[in-house]
Each structure stands twice: as C-alpha cells, then as structure tokens.
Amino acid sequence: MSDNEEEQPQLSAHALAALNEFLQEKKDQEEKYQEALAGDLTKFDPTEDWQLSQFWYSDETAETLAKEALAVVGDHGSIACVSSPTSYKKLKEMKPDSVVLKCLEFDKRFEIYGEDFIFYDYNDPVKFDADLKNSFDLVIADPPFLNEDCLTKTALTIRFLTKDKILLCTGSVMEELAGRLLSVTRCNYVPTHTSQLQNEFSCFINYNSKYLNE
C-alpha cells in the first residue's frame with residue numbers, strides 16, 4: 001500500500017451507515033418524484049430544504065389549518081397558500097372540486113402541481129398577473145424567514161392577493177409587526193412542525209375562527 005493510500009480517511013461503520021441511509025432516502029425521494037410526475041401526486045413527498053428555510057407542518061397542524069381554511073371559504077371559495085406548501089398539499093386532499101386553490105412557492109419542485117403552482121419570490125412581492133389582485137377569499141401565508149424584511153414583503157403579497165381574510169403562521173416574536181402590517185391577532189392554536197424548531201410559532205388571523213381559538 002502506498003503512503004497516499006494509507007493517508008486516505010476511512011469512514012467509521014456508524015458514518016458509513018449514515019451515508020448509506022442518506023443515499024437511500026435520496027433514491028426513494030427520486031423514485032416518488034418520478035411516480036408523481038407520471039400522474040400519482042400522492043407520491044410527491046419532498047424533503048425540507050433548509051437552505052430555503054423550509055420546515056413542514058406536522059400532519060395534525062396541516063389538517064387543522066386545512067379544516068379552518070375550508071370553513072372560512074365554504075364550498076365555492078378560493079385559497080392562496082403563500083410559502084406554505086404543506087397547507088396546500090393537505091387542502092388538495094380535502095377540498096371539494098369547486099374550491100380554487102393555488103400554491104405560491106419559490107421552490108420549483110412544486111411545479112409538479114401544474115396550473116395550481118405560481119412561482120413566488122418574496123423579494124418581488126407583487127409580481128403577479130393583475131387578475132390575481134384581491135382575488136382570494138383567504139390567504140394562508142408562512143414567511144420563510146423570521147425577520148422584519150421578509151414579513152414586510154410577504155405582507156405586501158398578502159394584501160395584494162386577499163379580498164379580506166388572512167391566516168398567517170410565523171414566529172411568535174413577529175406578533176407586534178404582524179399586527180401593524182396586517183391587523184391580525186394571535187390565536188390560541190399553536191402550530192407544530194415535523195422538525196423540532198427552537199422558535200415558538202403562532203397563528204394570526206383577522207376574522208372570527210372556527211378551529212383556531214377553541
């Protein structure tokens with residue numbers, strides 16, 4: 001064995017097992033994505049991209065928000081999910097065909113949802129077709145970053161899109177700013193995520209809730 005070969009780092013059994021698990025998860029994700037592209041959208045289950053500050057809701061939270069949204073808009077309403085793809089996915093499963101639903105996202109993996117997908121960059125907050133202005137009965141929004149700039153720009157998006165009602169999910173530390181920008185108040189319900197986040201999250205609304213203030 002040469003000196004160079006002797007100097008090559010060797011993975012421990014634990015590290016090698018972790019690497020193999022990661023590679024298998026990537027392979028499984030790609031297979032599911034290809035199945036979804038073939039028409040089975042139930043197979044589309046993307047992993048969080050932490051570089052995009054993606055943190056998926058727990059299934060319980062996604063279902064609660066979906067039930068709330070459908071109670072708000074009724075059987076013939078319209079809902080925009082802004083930077084909230086797990087809300088969109090659960091609503092897609094639960095809504096009647098008569099409800100209009102859109103997924104506004106920066107992550108182009110969600111283009112798989114076809115006409116429901118609208119590319120969205122919070123740094124360009126009102127770059128939309130004019131016919132989307134004040135066209136949604138409810139806007140559900142979850143700004144990707146917990147800072148004043150991101151919430152302020154997302155608030156411009158929300159106000160552009162909504163006819164009236166707003167459901168905002170963000171860090172509790174943003175309560176005062178959210179109230180000033182959107183006239184929303186904090187709910188009793190506390191959303192949870194599949195990842196253990198250190199920041200406390202809250203829901204904020206500007207209407208009387210059926211499920212979020214029990």
# chains A, B, ... in the order shown; residues from 1 in each chain; ligands from 1

$ residues_around --residues "Phe106 (chain A)" --least-positions-apart "3" --cutoff "6 Å" --atoms "only C-alpha atoms" --output "mmCIF file with N, CA and C atoms, in the first residue's frame"
data_model
loop_
_atom_site.group_PDB
_atom_site.id
_atom_site.type_symbol
_atom_site.label_atom_id
_atom_site.label_comp_id
_atom_site.auth_asym_id
_atom_site.auth_seq_id
_atom_site.Cartn_x
_atom_site.Cartn_y
_atom_site.Cartn_z
ATOM 1 N N PHE A 119 -45.039 30.646 -9.368
ATOM 2 C CA PHE A 119 -43.722 30.947 -8.814
ATOM 3 C C PHE A 119 -43.797 32.232 -7.999
ATOM 4 N N TYR A 120 -43.177 32.188 -6.810
ATOM 5 C CA TYR A 120 -43.242 33.333 -5.898
ATOM 6 C C TYR A 120 -41.902 33.559 -5.214
ATOM 7 N N ASP A 121 -41.423 34.786 -5.302
ATOM 8 C CA ASP A 121 -40.210 35.214 -4.612
ATOM 9 C C ASP A 121 -40.598 36.395 -3.732
#

$ select_by_dssp --residues "region 31-163 of chain A" --states "strand (DSSP E)" --output "MDAnalysis selection string"
chainID A and resid 78:82 100:105 117:119 136:141 162:163

$ write_last_selection --atoms "N, CA and C atoms" --output "short mmCIF file (atom, residue, chain, number, x, y, z; two decimals), in the first residue's frame"
data_model
loop_
_atom_site.label_atom_id
_atom_site.label_comp_id
_atom_site.auth_asym_id
_atom_site.auth_seq_id
_atom_site.Cartn_x
_atom_site.Cartn_y
_atom_site.Cartn_z
N SER A 78 -61.99 30.52 -2.67
CA SER A 78 -60.65 30.46 -3.26
C SER A 78 -59.61 30.70 -2.17
N ILE A 79 -58.51 29.93 -2.24
CA ILE A 79 -57.47 29.97 -1.21
C ILE A 79 -56.10 30.04 -1.89
N ALA A 80 -55.27 30.95 -1.42
CA ALA A 80 -53.88 31.03 -1.87
C ALA A 80 -52.97 30.63 -0.71
N CYS A 81 -52.09 29.66 -0.95
CA CYS A 81 -51.11 29.23 0.05
C CYS A 81 -49.76 29.84 -0.33
N VAL A 82 -49.31 30.82 0.44
CA VAL A 82 -48.09 31.56 0.14
C VAL A 82 -46.96 31.03 1.02
N VAL A 100 -61.19 26.85 -5.43
CA VAL A 100 -59.99 27.21 -6.18
C VAL A 100 -58.82 27.26 -5.21
N LEU A 101 -57.72 26.63 -5.58
CA LEU A 101 -56.56 26.53 -4.69
C LEU A 101 -55.28 26.79 -5.48
N LYS A 102 -54.40 27.63 -4.93
CA LYS A 102 -53.13 27.94 -5.58
C LYS A 102 -51.99 27.78 -4.58
N CYS A 103 -50.84 27.33 -5.10
CA CYS A 103 -49.62 27.15 -4.30
C CYS A 103 -48.57 28.14 -4.82
N LEU A 104 -48.29 29.16 -4.03
CA LEU A 104 -47.31 30.18 -4.42
C LEU A 104 -46.00 29.85 -3.72
N GLU A 105 -44.99 29.47 -4.51
CA GLU A 105 -43.77 28.92 -3.94
C GLU A 105 -42.53 29.33 -4.75
N PHE A 117 -49.69 25.85 -9.41
CA PHE A 117 -48.41 26.42 -8.98
C PHE A 117 -48.20 27.81 -9.57
N ILE A 118 -47.81 28.74 -8.72
CA ILE A 118 -47.40 30.08 -9.16
C ILE A 118 -46.04 30.37 -8.53
N PHE A 119 -45.04 30.65 -9.37
CA PHE A 119 -43.72 30.95 -8.81
C PHE A 119 -43.80 32.23 -8.00
N PHE A 136 -58.59 36.27 -3.84
CA PHE A 136 -58.70 35.09 -2.98
C PHE A 136 -59.49 35.41 -1.72
N ASP A 137 -60.42 34.51 -1.39
CA ASP A 137 -61.22 34.68 -0.17
C ASP A 137 -60.37 34.54 1.08
N LEU A 138 -59.32 33.74 1.00
CA LEU A 138 -58.41 33.55 2.13
C LEU A 138 -56.99 33.38 1.61
N VAL A 139 -56.06 34.03 2.27
CA VAL A 139 -54.63 33.81 2.01
C VAL A 139 -54.01 33.20 3.26
N ILE A 140 -53.41 32.02 3.09
CA ILE A 140 -52.61 31.39 4.15
C ILE A 140 -51.15 31.66 3.81
N ALA A 141 -50.41 32.24 4.74
CA ALA A 141 -49.02 32.60 4.46
C ALA A 141 -48.12 32.18 5.61
N THR A 162 -55.40 39.03 -1.21
CA THR A 162 -56.62 38.71 -0.47
C THR A 162 -57.76 39.70 -0.73
N LYS A 163 -58.97 39.16 -0.74
CA LYS A 163 -60.15 40.02 -0.72
C LYS A 163 -60.32 40.61 0.67
#

$ residues_around --residues "region 93-96 of chain A" --least-positions-apart "4" --cutoff "8 Å" --atoms "only C-alpha atoms" --output "list in words"
Ala66, Leu70, Asp75 and Lys89 of chain A

$ closest_residue --among "A:Ser172, A:Asn188, A:Ser83, A:Ser183" --to "Lys108 (chain A)" --atoms "only C-alpha atoms"
A:Ser83

$ closest_residue --among "A:Asn123, A:Thr170, A:Thr154, A:Asn134" --to "Thr192 (chain A)" --atoms "only C-alpha atoms"
A:Thr170

$ closest_atom_pairs --of "region 164-200 of chain A" --to "region 55-58 of chain A" --cutoff "9 Å" --atoms "only C-alpha atoms" --output "CSV"
residue,atom,partner,partner_atom,distance
A:Pro191,CA,A:Tyr57,CA,7.4
A:Thr192,CA,A:Ser58,CA,5.7
A:His193,CA,A:Tyr57,CA,4.1
A:Thr194,CA,A:Ser58,CA,4.9
A:Ser195,CA,A:Phe55,CA,6.6
A:Leu197,CA,A:Phe55,CA,8.5
